[in-house]
Amino acid sequence: MNTMVPLFRLKTYLLVFLFYKTILVASTLIAIMLMFFKASFSSIIALKLVFIGLFILRFTDSRYSKDLVLYQNFGISKFCLLSLSFTFDLLISLIIYIIFFL
(Lines give C-alpha, C1' and ligand atoms only; values in the text may rest on other atoms or scores of the structure.)
Protein backbone atom coordinates (compact mmCIF):
# COMPACT_ATOMS: atom_id res chain seq x y z
CA MET A 1 0.00 0.00 0.00
CA ASN A 2 1.35 3.39 -0.96
CA THR A 3 1.39 5.78 2.01
CA MET A 4 1.67 8.91 -0.14
CA VAL A 5 -1.71 8.47 -1.86
CA PRO A 6 -3.78 10.05 0.96
CA LEU A 7 -1.68 13.23 0.75
CA PHE A 8 -2.93 13.88 -2.78
CA ARG A 9 -6.64 13.76 -1.94
CA LEU A 10 -8.68 16.76 -0.84
CA LYS A 11 -10.72 14.51 1.44
CA THR A 12 -7.57 13.85 3.48
CA TYR A 13 -7.14 17.53 4.26
CA LEU A 14 -10.82 17.93 5.08
CA LEU A 15 -10.65 15.01 7.49
CA VAL A 16 -7.45 16.31 9.09
CA PHE A 17 -9.09 19.70 9.57
CA LEU A 18 -12.09 17.93 11.12
CA PHE A 19 -9.67 16.37 13.60
CA TYR A 20 -7.70 19.59 14.08
CA LYS A 21 -10.70 21.79 14.82
CA THR A 22 -11.04 20.07 18.20
CA ILE A 23 -7.80 21.77 19.31
CA LEU A 24 -8.03 24.86 17.10
CA VAL A 25 -9.43 27.32 19.63
CA ALA A 26 -7.14 26.33 22.50
CA SER A 27 -4.04 26.33 20.34
CA THR A 28 -4.88 29.67 18.72
CA LEU A 29 -5.57 31.34 22.07
CA ILE A 30 -2.31 30.04 23.47
CA ALA A 31 -0.44 31.37 20.44
CA ILE A 32 -2.09 34.79 20.69
CA MET A 33 -1.32 35.05 24.41
CA LEU A 34 2.31 34.11 23.85
CA MET A 35 2.62 36.58 20.99
CA PHE A 36 1.03 39.28 23.11
CA PHE A 37 3.68 38.71 25.77
CA LYS A 38 6.39 39.01 23.09
CA ALA A 39 7.44 35.37 23.05
CA SER A 40 9.64 34.45 20.12
CA PHE A 41 8.04 32.61 17.25
CA SER A 42 10.44 29.70 17.70
CA SER A 43 9.28 29.22 21.30
CA ILE A 44 5.68 29.24 20.10
CA ILE A 45 6.54 26.55 17.55
CA ALA A 46 8.28 24.50 20.25
CA LEU A 47 5.23 24.77 22.52
CA LYS A 48 2.95 23.67 19.70
CA LEU A 49 5.23 20.71 19.06
CA VAL A 50 4.89 19.75 22.74
CA PHE A 51 1.11 20.22 22.42
CA ILE A 52 0.97 17.79 19.48
CA GLY A 53 3.28 15.44 21.39
CA LEU A 54 0.74 15.31 24.20
CA PHE A 55 -1.90 14.38 21.65
CA ILE A 56 0.33 11.56 20.44
CA LEU A 57 0.59 10.29 24.01
CA ARG A 58 -3.17 10.50 24.38
CA PHE A 59 -3.77 8.33 21.33
CA THR A 60 -1.33 5.62 22.39
CA ASP A 61 -3.92 4.57 24.97
CA SER A 62 -6.26 1.96 23.48
CA ARG A 63 -9.36 3.76 24.77
CA TYR A 64 -8.57 6.86 22.74
CA SER A 65 -7.05 5.17 19.71
CA LYS A 66 -10.57 4.06 18.77
CA ASP A 67 -11.28 7.72 17.99
CA LEU A 68 -8.87 7.45 15.07
CA VAL A 69 -10.69 4.60 13.31
CA LEU A 70 -12.51 7.02 10.99
CA TYR A 71 -9.24 8.47 9.76
CA GLN A 72 -7.59 5.06 9.45
CA ASN A 73 -10.53 3.85 7.35
CA PHE A 74 -9.71 6.59 4.84
CA GLY A 75 -6.06 5.53 4.78
CA ILE A 76 -4.74 8.32 7.01
CA SER A 77 -2.15 7.07 9.46
CA LYS A 78 -1.79 8.45 12.96
CA PHE A 79 1.53 10.04 12.02
CA CYS A 80 0.06 11.68 8.92
CA LEU A 81 -2.94 12.96 10.88
CA LEU A 82 -0.86 14.51 13.64
CA SER A 83 1.82 15.92 11.36
CA LEU A 84 -0.75 17.58 9.09
CA SER A 85 -2.53 18.93 12.18
CA PHE A 86 0.78 20.39 13.33
CA THR A 87 1.26 21.93 9.88
CA PHE A 88 -2.21 23.51 9.99
CA ASP A 89 -1.42 24.82 13.46
CA LEU A 90 1.85 26.37 12.28
CA LEU A 91 0.18 27.99 9.29
CA ILE A 92 -2.53 29.54 11.44
CA SER A 93 0.04 30.77 13.97
CA LEU A 94 2.18 32.22 11.20
CA ILE A 95 -0.79 34.06 9.70
CA ILE A 96 -1.73 35.48 13.11
CA TYR A 97 1.87 36.50 13.73
CA ILE A 98 2.18 38.23 10.35
CA ILE A 99 -1.15 40.04 10.57
CA PHE A 100 -1.01 41.28 14.13
CA PHE A 101 2.60 41.35 15.22
CA LEU A 102 4.71 42.49 12.27
# chains A, B, ... in the order shown; residues from 1 in each chain; ligands from 1
$ residues_around --residues "Ser65 (chain A)" --least-positions-apart "6" --cutoff "12 Å" --atoms "only C-alpha atoms" --output "JSON, numbers by chain"
{"A": [55, 56, 57, 58, 59, 71, 72, 77, 78]}
$ residues_around --residues "Ser42 (chain A)" --least-positions-apart "6" --cutoff "12 Å" --atoms "only C-alpha atoms" --output "PyMOL selection string"
chain A and resi 31+34-35+48-49+90+93-94+97
$ write_last_selection --atoms "N, CA and C atoms" --output "CSV table (one decimal), in the first residue's frame"
chain,number,residue,atom,x,y,z
A,31,ALA,N,-1.4,30.7,21.3
A,31,ALA,CA,-0.4,31.4,20.4
A,31,ALA,C,-0.6,32.9,20.5
A,34,LEU,N,0.9,34.1,23.9
A,34,LEU,CA,2.3,34.1,23.9
A,34,LEU,C,2.9,35.2,23.0
A,35,MET,N,2.2,35.5,21.9
A,35,MET,CA,2.6,36.6,21.0
A,35,MET,C,2.4,37.9,21.6
A,48,LYS,N,3.9,24.4,20.5
A,48,LYS,CA,2.9,23.7,19.7
A,48,LYS,C,3.4,22.2,19.4
A,49,LEU,N,4.7,22.1,19.3
A,49,LEU,CA,5.2,20.7,19.1
A,49,LEU,C,5.0,19.9,20.3
A,90,LEU,N,0.8,25.4,12.6
A,90,LEU,CA,1.8,26.4,12.3
A,90,LEU,C,1.4,27.4,11.3
A,93,SER,N,-0.8,29.9,13.1
A,93,SER,CA,0.0,30.8,14.0
A,93,SER,C,0.9,31.8,13.2
A,94,LEU,N,1.4,31.3,12.0
A,94,LEU,CA,2.2,32.2,11.2
A,94,LEU,C,1.3,33.3,10.6
A,97,TYR,N,0.7,35.8,13.4
A,97,TYR,CA,1.9,36.5,13.7
A,97,TYR,C,2.1,37.6,12.7
$ atom_distance --atom1 "CA of Phe36 (chain A)" --atom2 "CA of Leu91 (chain A)"
17.9 Å
